[in-house]
Structures are given as C-alpha cells and as structure tokens.
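Next comes model38.txt, a file with compact mmCIF, N, CA and C atoms.
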```
# COMPACT_ATOMS: atom_id res chain seq x y z
N MET X 266 129.12 28.36 -28.37
CA MET X 266 127.90 28.59 -29.09
C MET X 266 126.84 27.64 -28.54
N LYS X 267 125.65 28.15 -28.43
CA LYS X 267 124.56 27.31 -27.91
C LYS X 267 124.14 26.32 -28.99
N TYR X 268 124.11 25.05 -28.58
CA TYR X 268 123.70 24.00 -29.50
C TYR X 268 122.19 23.82 -29.47
N THR X 269 121.63 23.71 -28.27
CA THR X 269 120.18 23.54 -28.18
C THR X 269 119.70 23.85 -26.76
N THR X 270 118.40 24.02 -26.63
CA THR X 270 117.74 24.20 -25.34
C THR X 270 116.62 23.17 -25.24
N LEU X 271 116.55 22.52 -24.08
CA LEU X 271 115.51 21.52 -23.82
C LEU X 271 114.71 21.94 -22.59
N ASN X 272 113.43 21.77 -22.64
CA ASN X 272 112.60 21.98 -21.46
C ASN X 272 112.15 20.61 -20.98
N LEU X 273 112.66 20.23 -19.80
CA LEU X 273 112.37 18.93 -19.22
C LEU X 273 111.60 19.18 -17.93
N GLY X 274 110.29 19.07 -18.01
CA GLY X 274 109.46 19.38 -16.85
C GLY X 274 109.60 20.85 -16.50
N GLU X 275 109.99 21.12 -15.29
CA GLU X 275 110.16 22.50 -14.84
C GLU X 275 111.59 23.01 -15.03
N ASN X 276 112.44 22.23 -15.68
CA ASN X 276 113.85 22.58 -15.86
C ASN X 276 114.16 22.94 -17.31
N ARG X 277 115.03 23.92 -17.45
CA ARG X 277 115.52 24.34 -18.77
C ARG X 277 116.97 23.89 -18.88
N ILE X 278 117.24 22.98 -19.82
CA ILE X 278 118.59 22.44 -20.02
C ILE X 278 119.15 23.03 -21.31
N GLU X 279 120.35 23.64 -21.20
CA GLU X 279 120.99 24.24 -22.36
C GLU X 279 122.32 23.52 -22.61
N ILE X 280 122.56 23.24 -23.88
CA ILE X 280 123.79 22.55 -24.28
C ILE X 280 124.61 23.51 -25.14
N TYR X 281 125.86 23.72 -24.72
CA TYR X 281 126.78 24.59 -25.46
C TYR X 281 127.96 23.75 -25.93
N ASN X 282 128.52 24.12 -27.08
CA ASN X 282 129.66 23.42 -27.64
C ASN X 282 130.54 24.44 -28.35
N SER X 283 131.80 24.58 -27.93
CA SER X 283 132.69 25.55 -28.55
C SER X 283 133.49 24.89 -29.67
N LEU X 284 134.10 25.71 -30.50
CA LEU X 284 134.92 25.20 -31.59
C LEU X 284 136.18 24.52 -31.07
N LEU X 285 136.58 24.83 -29.84
CA LEU X 285 137.76 24.23 -29.24
C LEU X 285 137.45 22.93 -28.50
N GLY X 286 136.18 22.50 -28.55
CA GLY X 286 135.80 21.22 -27.96
C GLY X 286 135.30 21.29 -26.54
N LYS X 287 135.00 22.47 -26.04
CA LYS X 287 134.47 22.58 -24.68
C LYS X 287 132.95 22.44 -24.72
N GLU X 288 132.46 21.43 -24.00
CA GLU X 288 131.02 21.19 -23.90
C GLU X 288 130.56 21.68 -22.53
N THR X 289 129.46 22.41 -22.51
CA THR X 289 128.92 22.94 -21.26
C THR X 289 127.44 22.63 -21.19
N ILE X 290 127.00 22.13 -20.03
CA ILE X 290 125.59 21.86 -19.78
C ILE X 290 125.14 22.81 -18.67
N LYS X 291 124.05 23.54 -18.92
CA LYS X 291 123.47 24.42 -17.92
C LYS X 291 122.05 23.97 -17.63
N VAL X 292 121.69 24.00 -16.35
CA VAL X 292 120.31 23.73 -15.94
C VAL X 292 119.81 24.97 -15.22
N ASN X 293 118.76 25.55 -15.77
CA ASN X 293 118.17 26.78 -15.22
C ASN X 293 119.22 27.88 -15.05
N GLY X 294 120.13 27.97 -16.03
CA GLY X 294 121.15 29.02 -16.04
C GLY X 294 122.40 28.70 -15.25
N LYS X 295 122.44 27.59 -14.53
CA LYS X 295 123.59 27.22 -13.71
C LYS X 295 124.38 26.10 -14.39
N ILE X 296 125.71 26.27 -14.48
CA ILE X 296 126.55 25.24 -15.08
C ILE X 296 126.57 24.02 -14.18
N VAL X 297 126.21 22.86 -14.74
CA VAL X 297 126.20 21.61 -13.98
C VAL X 297 127.25 20.63 -14.49
N SER X 298 127.81 20.87 -15.69
CA SER X 298 128.84 20.00 -16.24
C SER X 298 129.61 20.73 -17.33
N GLU X 299 130.94 20.55 -17.32
CA GLU X 299 131.80 21.08 -18.37
C GLU X 299 132.88 20.04 -18.65
N LYS X 300 133.10 19.77 -19.92
CA LYS X 300 134.14 18.82 -20.32
C LYS X 300 134.70 19.24 -21.67
N TYR X 301 135.97 18.89 -21.90
CA TYR X 301 136.58 19.07 -23.21
C TYR X 301 136.59 17.74 -23.92
N SER X 302 136.25 17.76 -25.20
CA SER X 302 136.16 16.53 -25.96
C SER X 302 136.29 16.81 -27.45
N ILE X 303 136.85 15.85 -28.16
CA ILE X 303 136.91 15.95 -29.62
C ILE X 303 135.72 15.24 -30.24
N PHE X 304 135.38 14.07 -29.71
CA PHE X 304 134.31 13.26 -30.29
C PHE X 304 133.06 13.21 -29.44
N GLY X 305 132.97 14.04 -28.42
CA GLY X 305 131.79 14.04 -27.57
C GLY X 305 132.07 13.41 -26.22
N ALA X 306 131.30 13.81 -25.23
CA ALA X 306 131.51 13.34 -23.86
C ALA X 306 130.18 12.97 -23.22
N LYS X 307 130.28 12.33 -22.07
CA LYS X 307 129.10 11.99 -21.27
C LYS X 307 129.05 12.95 -20.09
N HIS X 308 127.92 13.59 -19.93
CA HIS X 308 127.72 14.55 -18.85
C HIS X 308 126.66 14.01 -17.90
N LYS X 309 127.02 13.91 -16.62
CA LYS X 309 126.07 13.47 -15.60
C LYS X 309 125.79 14.63 -14.66
N PHE X 310 124.52 14.79 -14.32
CA PHE X 310 124.11 15.87 -13.43
C PHE X 310 122.76 15.53 -12.82
N LYS X 311 122.31 16.35 -11.91
CA LYS X 311 121.03 16.13 -11.25
C LYS X 311 120.12 17.34 -11.46
N VAL X 312 118.83 17.09 -11.54
CA VAL X 312 117.82 18.15 -11.59
C VAL X 312 116.80 17.86 -10.49
N ILE X 313 116.05 18.89 -10.14
CA ILE X 313 114.99 18.74 -9.15
C ILE X 313 113.65 18.74 -9.90
N GLU X 314 112.87 17.68 -9.71
CA GLU X 314 111.53 17.57 -10.29
C GLU X 314 110.55 17.22 -9.18
N ASN X 315 109.56 18.06 -9.00
CA ASN X 315 108.53 17.84 -7.96
C ASN X 315 109.16 17.61 -6.58
N GLY X 316 110.23 18.36 -6.30
CA GLY X 316 110.89 18.26 -5.00
C GLY X 316 111.84 17.09 -4.86
N ASN X 317 111.96 16.26 -5.90
CA ASN X 317 112.85 15.09 -5.85
C ASN X 317 114.06 15.29 -6.75
N GLU X 318 115.21 14.78 -6.31
CA GLU X 318 116.42 14.84 -7.11
C GLU X 318 116.40 13.71 -8.14
N VAL X 319 116.64 14.07 -9.41
CA VAL X 319 116.59 13.11 -10.51
C VAL X 319 117.94 13.11 -11.21
N ASN X 320 118.51 11.92 -11.43
CA ASN X 320 119.77 11.79 -12.15
C ASN X 320 119.53 11.92 -13.65
N CYS X 321 120.36 12.73 -14.30
CA CYS X 321 120.28 12.89 -15.75
C CYS X 321 121.65 12.66 -16.36
N LYS X 322 121.63 12.27 -17.62
CA LYS X 322 122.87 12.07 -18.37
C LYS X 322 122.64 12.55 -19.80
N ILE X 323 123.60 13.29 -20.33
CA ILE X 323 123.58 13.68 -21.74
C ILE X 323 124.85 13.15 -22.38
N ASP X 324 124.69 12.37 -23.44
CA ASP X 324 125.82 11.88 -24.23
C ASP X 324 125.87 12.69 -25.51
N ILE X 325 126.96 13.43 -25.71
CA ILE X 325 127.13 14.24 -26.91
C ILE X 325 128.10 13.50 -27.83
N GLY X 326 127.77 13.47 -29.11
CA GLY X 326 128.63 12.80 -30.08
C GLY X 326 128.37 13.32 -31.48
N PHE X 327 128.77 12.55 -32.46
CA PHE X 327 128.58 12.92 -33.86
C PHE X 327 127.70 11.90 -34.55
N GLY X 328 126.81 12.40 -35.37
CA GLY X 328 125.96 11.56 -36.19
C GLY X 328 126.12 11.94 -37.64
N ILE X 329 125.31 11.37 -38.46
CA ILE X 329 125.41 11.63 -39.89
C ILE X 329 125.14 13.10 -40.24
N ASN X 330 124.37 13.80 -39.39
CA ASN X 330 124.05 15.21 -39.64
C ASN X 330 124.84 16.16 -38.78
N GLY X 331 125.89 15.70 -38.12
CA GLY X 331 126.72 16.56 -37.27
C GLY X 331 126.60 16.18 -35.81
N VAL X 332 126.61 17.20 -34.94
CA VAL X 332 126.56 16.97 -33.49
C VAL X 332 125.18 16.44 -33.11
N VAL X 333 125.17 15.37 -32.29
CA VAL X 333 123.92 14.78 -31.81
C VAL X 333 124.06 14.55 -30.31
N PHE X 334 122.94 14.33 -29.66
CA PHE X 334 122.99 14.05 -28.23
C PHE X 334 121.87 13.10 -27.85
N ASP X 335 122.09 12.40 -26.75
CA ASP X 335 121.08 11.55 -26.14
C ASP X 335 120.86 12.05 -24.72
N LEU X 336 119.62 12.09 -24.29
CA LEU X 336 119.28 12.53 -22.94
C LEU X 336 118.61 11.38 -22.20
N TYR X 337 119.12 11.08 -21.01
CA TYR X 337 118.56 10.03 -20.16
C TYR X 337 118.17 10.63 -18.82
N LYS X 338 117.03 10.21 -18.30
CA LYS X 338 116.57 10.62 -16.98
C LYS X 338 116.36 9.35 -16.18
N ASP X 339 117.09 9.22 -15.07
CA ASP X 339 117.07 7.98 -14.27
C ASP X 339 117.30 6.75 -15.16
N ASP X 340 118.29 6.86 -16.04
CA ASP X 340 118.71 5.78 -16.96
C ASP X 340 117.65 5.39 -17.98
N LYS X 341 116.60 6.18 -18.12
CA LYS X 341 115.58 5.92 -19.13
C LYS X 341 115.76 6.93 -20.27
N PRO X 342 115.79 6.46 -21.52
CA PRO X 342 116.00 7.38 -22.63
C PRO X 342 114.82 8.34 -22.81
N ILE X 343 115.14 9.62 -22.89
CA ILE X 343 114.15 10.66 -23.16
C ILE X 343 114.29 11.11 -24.62
N ILE X 344 115.53 11.34 -25.05
CA ILE X 344 115.84 11.70 -26.44
C ILE X 344 117.01 10.83 -26.88
N VAL X 345 116.85 10.15 -28.00
CA VAL X 345 117.93 9.34 -28.57
C VAL X 345 118.08 9.75 -30.02
N SER X 346 119.27 10.21 -30.38
CA SER X 346 119.53 10.70 -31.73
C SER X 346 120.16 9.60 -32.58
N PRO X 347 119.81 9.55 -33.87
CA PRO X 347 120.44 8.56 -34.76
C PRO X 347 121.91 8.90 -34.95
N ARG X 348 122.75 7.88 -34.95
CA ARG X 348 124.18 8.06 -35.12
C ARG X 348 124.67 7.15 -36.22
N ASN X 349 125.80 7.51 -36.78
CA ASN X 349 126.47 6.69 -37.78
C ASN X 349 127.94 6.70 -37.43
N GLY X 350 128.53 5.54 -37.23
CA GLY X 350 129.92 5.43 -36.81
C GLY X 350 130.91 6.12 -37.72
N CYS X 351 130.63 6.27 -38.98
CA CYS X 351 131.57 6.88 -39.92
C CYS X 351 131.57 8.40 -39.82
N ALA X 352 130.56 8.99 -39.25
CA ALA X 352 130.48 10.45 -39.20
C ALA X 352 131.60 11.04 -38.36
N GLY X 353 131.93 10.41 -37.24
CA GLY X 353 133.02 10.91 -36.39
C GLY X 353 134.34 10.91 -37.13
N LEU X 354 134.61 9.85 -37.87
CA LEU X 354 135.84 9.77 -38.65
C LEU X 354 135.87 10.84 -39.73
N LEU X 355 134.75 11.05 -40.40
CA LEU X 355 134.68 12.08 -41.43
C LEU X 355 134.94 13.46 -40.85
N ILE X 356 134.36 13.75 -39.71
CA ILE X 356 134.57 15.06 -39.08
C ILE X 356 136.02 15.22 -38.65
N LEU X 357 136.64 14.16 -38.13
CA LEU X 357 138.05 14.22 -37.75
C LEU X 357 138.92 14.53 -38.97
N ILE X 358 138.65 13.91 -40.09
CA ILE X 358 139.41 14.15 -41.31
C ILE X 358 139.26 15.60 -41.75
N ILE X 359 138.05 16.13 -41.67
CA ILE X 359 137.82 17.52 -42.05
C ILE X 359 138.57 18.47 -41.12
N VAL X 360 138.50 18.22 -39.82
CA VAL X 360 139.19 19.08 -38.85
C VAL X 360 140.70 19.06 -39.09
N ILE X 361 141.26 17.88 -39.32
CA ILE X 361 142.70 17.77 -39.57
C ILE X 361 143.07 18.49 -40.86
N SER X 362 142.25 18.36 -41.89
CA SER X 362 142.52 19.03 -43.17
C SER X 362 142.52 20.55 -43.00
N VAL X 363 141.54 21.07 -42.29
CA VAL X 363 141.48 22.52 -42.06
C VAL X 363 142.67 22.98 -41.24
N ALA X 364 143.02 22.22 -40.20
CA ALA X 364 144.16 22.59 -39.36
C ALA X 364 145.45 22.60 -40.17
N LEU X 365 145.65 21.61 -41.04
CA LEU X 365 146.86 21.57 -41.86
C LEU X 365 146.93 22.74 -42.83
N ARG X 366 145.80 23.13 -43.38
CA ARG X 366 145.78 24.27 -44.30
C ARG X 366 146.09 25.57 -43.55
N LEU X 367 145.57 25.72 -42.36
CA LEU X 367 145.87 26.91 -41.55
C LEU X 367 147.34 26.91 -41.16
N PHE X 368 147.88 25.75 -40.81
CA PHE X 368 149.28 25.63 -40.44
C PHE X 368 150.19 26.00 -41.60
N ASP X 369 149.83 25.56 -42.83
CA ASP X 369 150.61 25.88 -44.03
C ASP X 369 150.62 27.39 -44.29
N LYS X 370 149.51 28.07 -44.02
CA LYS X 370 149.44 29.52 -44.24
C LYS X 370 150.29 30.28 -43.24
N ILE X 371 150.42 29.74 -42.04
CA ILE X 371 151.23 30.41 -41.01
C ILE X 371 152.72 30.30 -41.34
N ILE X 372 153.12 29.14 -41.86
CA ILE X 372 154.55 28.92 -42.18
C ILE X 372 154.87 29.47 -43.51
```

For this file, write the structure as structure tokens.
Amino acid sequence: MKYTTLNLGENRIEIYNSLLGKETIKVNGKIVSEKYSIFGAKHKFKVIENGNEVNCKIDIGFGINGVVFDLYKDDKPIIVSPRNGCAGLLILIIVISVALRLFDKII
C-alpha cells in the first residue's frame, strides 16, 4: 500500500509499506530500494537534480501516530517526523496479539 508521495525538486519519491513488512522506495516510478522490516529500515538511494547525483536517505519507523519517516538529502534533514520510543513497542504488542488470536482460530 502506498504510504506517501513526496515531490523533491524534479523527482517524485513514493514510499510503499506492505502488511508483511516490505518497504519499497520508488523514484520517478523506478524502484530504488526494497527492504523487509518490522520496526522500519533505512533506505539509501540517489536522485538526479540539475544534472548532479544527490545522495538521499529515508528512515522509516514508528511514531506516536503510526508509521513515520525522515528524509535526508546529502545528510541534511529535509523532513523529520516526531517519534516516541514507546510507539514501536505498542505496535509490536498489538501485532503479536492479533497474530495469536488468528493462530487460535486456526487451531
């Protein structure tokens, strides 16, 4: 499922996150990073701006309101989302609870 779309200069960055933990980053429709993660991952990739290659990084994680991300361009923060350390633990507890209930229904 698409989480968000960002327009960074002449580039369109799309962030996808599946229920199974697969995170995908696309730049201008092309996949530039894919990782599996439970609590979020760091994605590094490059974009072209004004004919120059620029290093970018997206850190995906959990905040108090759910999934959050930070975007860095050449190690400078462009978007920084508020996070709360307890949110990841809360989400893990919810996921485990749902999984146990589904497991009980199967058996």

Just the residues within 6 Å of His308 of chain X, please, counting all atoms listed in the file, with nothing from its chain fewer than 5 positions along; format it as a short mmCIF file (atom, residue, chain, number, x, y, z; two decimals) with N, CA and C atoms, keeping the file's coordinate frame.
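What ended up in out-v8.cif:
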```
data_model
loop_
_atom_site.label_atom_id
_atom_site.label_comp_id
_atom_site.auth_asym_id
_atom_site.auth_seq_id
_atom_site.Cartn_x
_atom_site.Cartn_y
_atom_site.Cartn_z
N CYS X 321 120.36 12.73 -14.30
CA CYS X 321 120.28 12.89 -15.75
C CYS X 321 121.65 12.66 -16.36
N LYS X 322 121.63 12.27 -17.62
CA LYS X 322 122.87 12.07 -18.37
C LYS X 322 122.64 12.55 -19.80
N ILE X 323 123.60 13.29 -20.33
CA ILE X 323 123.58 13.68 -21.74
C ILE X 323 124.85 13.15 -22.38
N ASP X 324 124.69 12.37 -23.44
CA ASP X 324 125.82 11.88 -24.23
C ASP X 324 125.87 12.69 -25.51
N ILE X 325 126.96 13.43 -25.71
CA ILE X 325 127.13 14.24 -26.91
C ILE X 325 128.10 13.50 -27.83
#
```

Inset, instruction - Identify all residues of chain X in helix (DSSP H, G or I) (DSSP on the backbone) and supply them as an NGL selection string. - result: :X and (350-371)

Inset, instruction - Pull the neighbourhood of (123.7, 26.8, -12.8) for me: all residues within 12 Å in file coordinates, counting only C-alpha atoms, as a ChimeraX atom specification. - result: /X:276-279,289-299,310-312

Can you list, as an mmCIF file with N, CA and C atoms, keeping the file's coordinate frame, all residues belonging to chain X that DSSP tags as strand (DSSP E)?
```cif
data_model
loop_
_atom_site.group_PDB
_atom_site.id
_atom_site.type_symbol
_atom_site.label_atom_id
_atom_site.label_comp_id
_atom_site.auth_asym_id
_atom_site.auth_seq_id
_atom_site.Cartn_x
_atom_site.Cartn_y
_atom_site.Cartn_z
ATOM 1 N N LYS X 267 125.650 28.150 -28.430
ATOM 2 C CA LYS X 267 124.560 27.310 -27.910
ATOM 3 C C LYS X 267 124.140 26.320 -28.990
ATOM 4 N N TYR X 268 124.110 25.050 -28.580
ATOM 5 C CA TYR X 268 123.700 24.000 -29.500
ATOM 6 C C TYR X 268 122.190 23.820 -29.470
ATOM 7 N N THR X 269 121.630 23.710 -28.270
ATOM 8 C CA THR X 269 120.180 23.540 -28.180
ATOM 9 C C THR X 269 119.700 23.850 -26.760
ATOM 10 N N THR X 270 118.400 24.020 -26.630
ATOM 11 C CA THR X 270 117.740 24.200 -25.340
ATOM 12 C C THR X 270 116.620 23.170 -25.240
ATOM 13 N N LEU X 271 116.550 22.520 -24.080
ATOM 14 C CA LEU X 271 115.510 21.520 -23.820
ATOM 15 C C LEU X 271 114.710 21.940 -22.590
ATOM 16 N N ASN X 272 113.430 21.770 -22.640
ATOM 17 C CA ASN X 272 112.600 21.980 -21.460
ATOM 18 C C ASN X 272 112.150 20.610 -20.980
ATOM 19 N N LEU X 273 112.660 20.230 -19.800
ATOM 20 C CA LEU X 273 112.370 18.930 -19.220
ATOM 21 C C LEU X 273 111.600 19.180 -17.930
ATOM 22 N N ASN X 276 112.440 22.230 -15.680
ATOM 23 C CA ASN X 276 113.850 22.580 -15.860
ATOM 24 C C ASN X 276 114.160 22.940 -17.310
ATOM 25 N N ARG X 277 115.030 23.920 -17.450
ATOM 26 C CA ARG X 277 115.520 24.340 -18.770
ATOM 27 C C ARG X 277 116.970 23.890 -18.880
ATOM 28 N N ILE X 278 117.240 22.980 -19.820
ATOM 29 C CA ILE X 278 118.590 22.440 -20.020
ATOM 30 C C ILE X 278 119.150 23.030 -21.310
ATOM 31 N N GLU X 279 120.350 23.640 -21.200
ATOM 32 C CA GLU X 279 120.990 24.240 -22.360
ATOM 33 C C GLU X 279 122.320 23.520 -22.610
ATOM 34 N N ILE X 280 122.560 23.240 -23.880
ATOM 35 C CA ILE X 280 123.790 22.550 -24.280
ATOM 36 C C ILE X 280 124.610 23.510 -25.140
ATOM 37 N N TYR X 281 125.860 23.720 -24.720
ATOM 38 C CA TYR X 281 126.780 24.590 -25.460
ATOM 39 C C TYR X 281 127.960 23.750 -25.930
ATOM 40 N N ASN X 282 128.520 24.120 -27.080
ATOM 41 C CA ASN X 282 129.660 23.420 -27.640
ATOM 42 C C ASN X 282 130.540 24.440 -28.350
ATOM 43 N N LYS X 287 135.000 22.470 -26.040
ATOM 44 C CA LYS X 287 134.470 22.580 -24.680
ATOM 45 C C LYS X 287 132.950 22.440 -24.720
ATOM 46 N N GLU X 288 132.460 21.430 -24.000
ATOM 47 C CA GLU X 288 131.020 21.190 -23.900
ATOM 48 C C GLU X 288 130.560 21.680 -22.530
ATOM 49 N N THR X 289 129.460 22.410 -22.510
ATOM 50 C CA THR X 289 128.920 22.940 -21.260
ATOM 51 C C THR X 289 127.440 22.630 -21.190
ATOM 52 N N ILE X 290 127.000 22.130 -20.030
ATOM 53 C CA ILE X 290 125.590 21.860 -19.780
ATOM 54 C C ILE X 290 125.140 22.810 -18.670
ATOM 55 N N LYS X 291 124.050 23.540 -18.920
ATOM 56 C CA LYS X 291 123.470 24.420 -17.920
ATOM 57 C C LYS X 291 122.050 23.970 -17.630
ATOM 58 N N VAL X 292 121.690 24.000 -16.350
ATOM 59 C CA VAL X 292 120.310 23.730 -15.940
ATOM 60 C C VAL X 292 119.810 24.970 -15.220
ATOM 61 N N LYS X 295 122.440 27.590 -14.530
ATOM 62 C CA LYS X 295 123.590 27.220 -13.710
ATOM 63 C C LYS X 295 124.380 26.100 -14.390
ATOM 64 N N ILE X 296 125.710 26.270 -14.480
ATOM 65 C CA ILE X 296 126.550 25.240 -15.080
ATOM 66 C C ILE X 296 126.570 24.020 -14.180
ATOM 67 N N VAL X 297 126.210 22.860 -14.740
ATOM 68 C CA VAL X 297 126.200 21.610 -13.980
ATOM 69 C C VAL X 297 127.250 20.630 -14.490
ATOM 70 N N SER X 298 127.810 20.870 -15.690
ATOM 71 C CA SER X 298 128.840 20.000 -16.240
ATOM 72 C C SER X 298 129.610 20.730 -17.330
ATOM 73 N N GLU X 299 130.940 20.550 -17.320
ATOM 74 C CA GLU X 299 131.800 21.080 -18.370
ATOM 75 C C GLU X 299 132.880 20.040 -18.650
ATOM 76 N N LYS X 300 133.100 19.770 -19.920
ATOM 77 C CA LYS X 300 134.140 18.820 -20.320
ATOM 78 C C LYS X 300 134.700 19.240 -21.670
ATOM 79 N N TYR X 301 135.970 18.890 -21.900
ATOM 80 C CA TYR X 301 136.580 19.070 -23.210
ATOM 81 C C TYR X 301 136.590 17.740 -23.920
ATOM 82 N N LYS X 307 130.280 12.330 -22.070
ATOM 83 C CA LYS X 307 129.100 11.990 -21.270
ATOM 84 C C LYS X 307 129.050 12.950 -20.090
ATOM 85 N N HIS X 308 127.920 13.590 -19.930
ATOM 86 C CA HIS X 308 127.720 14.550 -18.850
ATOM 87 C C HIS X 308 126.660 14.010 -17.900
ATOM 88 N N LYS X 309 127.020 13.910 -16.620
ATOM 89 C CA LYS X 309 126.070 13.470 -15.600
ATOM 90 C C LYS X 309 125.790 14.630 -14.660
ATOM 91 N N PHE X 310 124.520 14.790 -14.320
ATOM 92 C CA PHE X 310 124.110 15.870 -13.430
ATOM 93 C C PHE X 310 122.760 15.530 -12.820
ATOM 94 N N LYS X 311 122.310 16.350 -11.910
ATOM 95 C CA LYS X 311 121.030 16.130 -11.250
ATOM 96 C C LYS X 311 120.120 17.340 -11.460
ATOM 97 N N VAL X 312 118.830 17.090 -11.540
ATOM 98 C CA VAL X 312 117.820 18.150 -11.590
ATOM 99 C C VAL X 312 116.800 17.860 -10.490
ATOM 100 N N ILE X 313 116.050 18.890 -10.140
ATOM 101 C CA ILE X 313 114.990 18.740 -9.150
ATOM 102 C C ILE X 313 113.650 18.740 -9.900
ATOM 103 N N GLU X 314 112.870 17.680 -9.710
ATOM 104 C CA GLU X 314 111.530 17.570 -10.290
ATOM 105 C C GLU X 314 110.550 17.220 -9.180
ATOM 106 N N ASN X 317 111.960 16.260 -5.900
ATOM 107 C CA ASN X 317 112.850 15.090 -5.850
ATOM 108 C C ASN X 317 114.060 15.290 -6.750
ATOM 109 N N GLU X 318 115.210 14.780 -6.310
ATOM 110 C CA GLU X 318 116.420 14.840 -7.110
ATOM 111 C C GLU X 318 116.400 13.710 -8.140
ATOM 112 N N VAL X 319 116.640 14.070 -9.410
ATOM 113 C CA VAL X 319 116.590 13.110 -10.510
ATOM 114 C C VAL X 319 117.940 13.110 -11.210
ATOM 115 N N ASN X 320 118.510 11.920 -11.430
ATOM 116 C CA ASN X 320 119.770 11.790 -12.150
ATOM 117 C C ASN X 320 119.530 11.920 -13.650
ATOM 118 N N CYS X 321 120.360 12.730 -14.300
ATOM 119 C CA CYS X 321 120.280 12.890 -15.750
ATOM 120 C C CYS X 321 121.650 12.660 -16.360
ATOM 121 N N LYS X 322 121.630 12.270 -17.620
ATOM 122 C CA LYS X 322 122.870 12.070 -18.370
ATOM 123 C C LYS X 322 122.640 12.550 -19.800
ATOM 124 N N ILE X 323 123.600 13.290 -20.330
ATOM 125 C CA ILE X 323 123.580 13.680 -21.740
ATOM 126 C C ILE X 323 124.850 13.150 -22.380
ATOM 127 N N ASP X 324 124.690 12.370 -23.440
ATOM 128 C CA ASP X 324 125.820 11.880 -24.230
ATOM 129 C C ASP X 324 125.870 12.690 -25.510
ATOM 130 N N ILE X 325 126.960 13.430 -25.710
ATOM 131 C CA ILE X 325 127.130 14.240 -26.910
ATOM 132 C C ILE X 325 128.100 13.500 -27.830
ATOM 133 N N GLY X 326 127.770 13.470 -29.110
ATOM 134 C CA GLY X 326 128.630 12.800 -30.080
ATOM 135 C C GLY X 326 128.370 13.320 -31.480
ATOM 136 N N PHE X 327 128.770 12.550 -32.460
ATOM 137 C CA PHE X 327 128.580 12.920 -33.860
ATOM 138 C C PHE X 327 127.700 11.900 -34.550
ATOM 139 N N GLY X 328 126.810 12.400 -35.370
ATOM 140 C CA GLY X 328 125.960 11.560 -36.190
ATOM 141 C C GLY X 328 126.120 11.940 -37.640
ATOM 142 N N GLY X 331 125.890 15.700 -38.120
ATOM 143 C CA GLY X 331 126.720 16.560 -37.270
ATOM 144 C C GLY X 331 126.600 16.180 -35.810
ATOM 145 N N VAL X 332 126.610 17.200 -34.940
ATOM 146 C CA VAL X 332 126.560 16.970 -33.490
ATOM 147 C C VAL X 332 125.180 16.440 -33.110
ATOM 148 N N VAL X 333 125.170 15.370 -32.290
ATOM 149 C CA VAL X 333 123.920 14.780 -31.810
ATOM 150 C C VAL X 333 124.060 14.550 -30.310
ATOM 151 N N PHE X 334 122.940 14.330 -29.660
ATOM 152 C CA PHE X 334 122.990 14.050 -28.230
ATOM 153 C C PHE X 334 121.870 13.100 -27.850
ATOM 154 N N ASP X 335 122.090 12.400 -26.750
ATOM 155 C CA ASP X 335 121.080 11.550 -26.140
ATOM 156 C C ASP X 335 120.860 12.050 -24.720
ATOM 157 N N LEU X 336 119.620 12.090 -24.290
ATOM 158 C CA LEU X 336 119.280 12.530 -22.940
ATOM 159 C C LEU X 336 118.610 11.380 -22.200
ATOM 160 N N TYR X 337 119.120 11.080 -21.010
ATOM 161 C CA TYR X 337 118.560 10.030 -20.160
ATOM 162 C C TYR X 337 118.170 10.630 -18.820
ATOM 163 N N LYS X 338 117.030 10.210 -18.300
ATOM 164 C CA LYS X 338 116.570 10.620 -16.980
ATOM 165 C C LYS X 338 116.360 9.350 -16.180
ATOM 166 N N LYS X 341 116.600 6.180 -18.120
ATOM 167 C CA LYS X 341 115.580 5.920 -19.130
ATOM 168 C C LYS X 341 115.760 6.930 -20.270
ATOM 169 N N PRO X 342 115.790 6.460 -21.520
ATOM 170 C CA PRO X 342 116.000 7.380 -22.630
ATOM 171 C C PRO X 342 114.820 8.340 -22.810
ATOM 172 N N ILE X 343 115.140 9.620 -22.890
ATOM 173 C CA ILE X 343 114.150 10.660 -23.160
ATOM 174 C C ILE X 343 114.290 11.110 -24.620
ATOM 175 N N ILE X 344 115.530 11.340 -25.050
ATOM 176 C CA ILE X 344 115.840 11.700 -26.440
ATOM 177 C C ILE X 344 117.010 10.830 -26.880
#
```

Inset, instruction - Provide the atom CA of Pro342 of chain X to atom CA of Glu314 of chain X distance in Å, to one decimal place. - result: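 That distance, rounded to one decimal, is 16.6 Å.
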
Legend entry - Pro347 of chain X environment, 7 Å, all atoms listed in the file, sequence neighbours closer than 5 positions dropped, as a list in words: Phe327, Gly328, Ile329 and Val333 of chain X

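In this structure, atom CA of Leu284 of chain X sits 25.1 Å away from atom CA of Tyr337 of chain X.
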
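Residue nearest Ile313 of chain X within the list X:Gly331, X:Gly274, X:Gly326, X:Gly286: X:Gly274 [criterion: smallest interatomic distance, only C-alpha atoms].
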
Legend entry - Gap from atom C of Ser302 of chain X to atom C of Leu273 of chain X - Å, one decimal: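 So the two atoms, atom C of Ser302 of chain X and atom C of Leu273 of chain X, lie 26.6 Å apart.
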
Inset, instruction - Find the residues around Val345 of chain X up to 7 Å (only N, CA and C atoms counted), leave out those fewer than 5 positions away in its own chain, and share them as a ChimeraX atom specification. - result: /X:334-336

Legend entry - Protein, DNA and RNA residues within 6 Å of (124.8, 20.6, -27.4), only N, CA and C atoms, as an MDAnalysis selection string: chainID X and resid 267:269 280:282

Legend entry - Selected residue of minimal separation from Asp340 of chain X among X:Ile358, X:Glu288, X:Asn315, X:Lys309, counting only C-alpha atoms: X:Lys309
